[in-house]
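Asks: First, the structure itself, so that you have it in front of you.
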Amino acid sequence: MDFILIIWRQQNVKAKGKFMKYDIHDISPDCSFLEMLDQLNEKLVDKFELPTCFDHDCREGICGACSLYINGRPHGNDSGITTCQLHMRKFKDGETIVIEPWRARAFPVIRDLVVDRSAFDKIIQSGGYISVRTGGVPDANTIPIKKEKAELSMDAAQCIGCGACVAACKNASAMLFVSAKISHLSLLPQGQIEAKERVQAMVAKMDELGFGNCTNTGACEAECPKEIKLSNIARMNREFIVSKFT
Ligand code: SF4
Ligand code: FES
């Protein structure tokens with residue numbers, strides 16, 4: 001397969017970026033999107049040109065590093081997958097593919113397609129953990145938890161912190177991410193002890209770091225590779241209000 005790639009190139013956070021056009025040929029339909037970019041970079045290096053910087057780590061949908069905006073959609077034109085799981089057979093032969101970094105004030109561009117998502121780490125550091133003594137594994141197994149709650153918690157725990165929800169949102173809101181992190185802890189008895197302090201601290205940090213508010217558009221849920229539900233945001237809002245009055 002052949003493709004025309006229009007890729008955002010930017011030397012650093014202060015530099016003015018621009019789109020550059022590259023032609024790439026003889027790509028296998030079974031090649032992943034990142035493998036296609038690897039091949040482009042090999043060709044650029046052969047020509048003594050700077051390779052395109054993009055983020056990746058696990059390449060199996062777990063780490064959330066492969067944050068690319070492809071043809072106007074975070075993680076590309078498929079649902080429920082990350083960029084590293086996207087294959088070239090999903091595109092038409094000869095198609096023009098536009099590749100951009102996440103665009104949000106709280107995610108500054110480091111270089112080309114790589115953005116700084118440490119704002120997410122700061123939100124987690126503000127309260128996304130359990131610090132009370134919860135005992136060992138045998139203790140956990142003796143605490144009965146309703147199946148429905150355990151499943152909701154595990155669903156929320158699937159969030160991989162990729163940031164697609166922020167990139168998809170017109171307000172660059174991080175509420176889907178933050179609410180998933182809050183929900184997976186507060187739905188379980190071990191996480192309820194610090195629930196009030198946690199929701200207040202994490203919401204305050206999210207606001208401080210420049211993420212926008214939620215206006216219920218639902219773009220975050222539609223583009224989330226782990227299909228995290230908007231109902232987590234409703235749960236977070238409820239927890240936040242209750243924490244202010246109790
Ligand atoms: S909620 Fe979904 S889109 Fe947002 S960071 Fe988590 S996995 Fe990524
Ligand atoms: S590289 Fe880890 S999720 Fe894509």
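Chain labels follow the order of the structure tokens: the first chain is A, the next B, and so on; residue numbering restarts at 1 in every chain, and ligands are counted from 1 in their shown order.
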Mind checking which residues fall within 10 Å of Asp112 of chain A, counting only C-alpha atoms, ignoring those fewer than 2 positions away in the same chain, and posting them as a list in words?
Replies: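 These residues fall inside the cut-off: Ile7, Trp8, Arg9, Gln10, Gln11, Asn12, Val13, Gly17, Lys18, Phe19, Pro51, Thr52, Cys53, Phe54, Asp55, Ile99, Glu100, Pro101, Val109, Ile110, Val114 and Val115 of chain A.
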Asks: Show which residues sit within 10 Å of Phe91 of chain A, as a PyMOL selection string. Count only C-alpha atoms, and ignore same-chain residues fewer than 5 positions away.
Replies: chain A and resi 1+3+29+76-77+86+96-97
Asks: Go through chain A residue by residue and, counting only C-alpha atoms and all ligand atoms, keep those with an atom at most 7 Å from ligand 2; for each kept residue give the shortest atom pair and its distance in Å to one decimal, ordered by chain and increasing number, as a tab-separated table.
Replies:
residue	atom	partner	partner_atom_place_in_ligand_line	distance
A:His56	CA	ligand 2	1 (S)	4.0
A:Asp57	CA	ligand 2	1 (S)	4.3
A:Cys58	CA	ligand 2	2 (Fe)	3.9
A:Arg59	CA	ligand 2	1 (S)	3.7
A:Glu60	CA	ligand 2	2 (Fe)	5.5
A:Gly61	CA	ligand 2	3 (S)	3.4
A:Ile62	CA	ligand 2	3 (S)	4.4
A:Cys63	CA	ligand 2	2 (Fe)	3.8
A:Gly64	CA	ligand 2	3 (S)	3.9
A:Ala65	CA	ligand 2	2 (Fe)	5.0
A:Cys66	CA	ligand 2	4 (Fe)	4.3
A:Thr82	CA	ligand 2	4 (Fe)	5.5
A:Thr83	CA	ligand 2	4 (Fe)	5.7
A:Cys84	CA	ligand 2	4 (Fe)	4.3
A:Gln85	CA	ligand 2	4 (Fe)	6.9
Asks: Assign secondary structure with DSSP using the backbone only, and return the residues of segment 48-216 of chain A in strand (DSSP E or B) as a list in words.
Replies: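 Listing strand (DSSP E or B) positions across segment 48-216 of chain A yields Tyr69, Ile70, Arg73, Pro74, His87, Thr96, Ile97, Val98, Ile99, Glu100, Val109, Ile110, Arg111, Val114, Val115, Ser173 and Gly212 of chain A.
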Asks: Could you pull the residues within 8 Å of segment 174-182 of chain A, counting only C-alpha atoms, minus those fewer than 5 positions along the same chain, as a list of chain:residue names?
Replies: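 The neighbour list is A:Ile123, A:Ile124, A:Gly128, A:Ala156, A:Ala157, A:Cys159, A:Gly161, A:Gly163, A:Cys165, A:Val166, A:Arg198, A:Val199, A:Met202, A:Val203, A:Met206, A:Phe211, A:Gly212, A:Asn213, A:Cys214, A:Cys220, A:Glu221, A:Ile228, A:Lys229, A:Leu230, A:Asn232, A:Ile233, A:Arg235, A:Met236.
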Asks: Rank nothing, just name the residue among A:Phe120, A:Tyr69, A:Phe33, A:Phe107 nearest to ligand 1, using only C-alpha atoms and all ligand atoms.
Replies: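 Comparing A:Phe120, A:Tyr69, A:Phe33, A:Phe107 against ligand 1, the winner is A:Phe120.
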Asks: Would you list the contacts of His25 of chain A as a list of chain:residue names, taking every protein, DNA or RNA residue within 10 Å and counting only C-alpha atoms, but skipping same-chain residues closer than 5 positions in sequence?
Replies: A:Met1, A:Asp2, A:Phe3, A:Ile4, A:Met36, A:Gln39, A:Leu40, A:Asp93, A:Gly94
Asks: Work out how far apart atom CA of Pro189 of chain A and atom CA of Ala119 of chain A are and give it in Å to one decimal.
Replies: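 These two atoms are separated by 27.7 Å.
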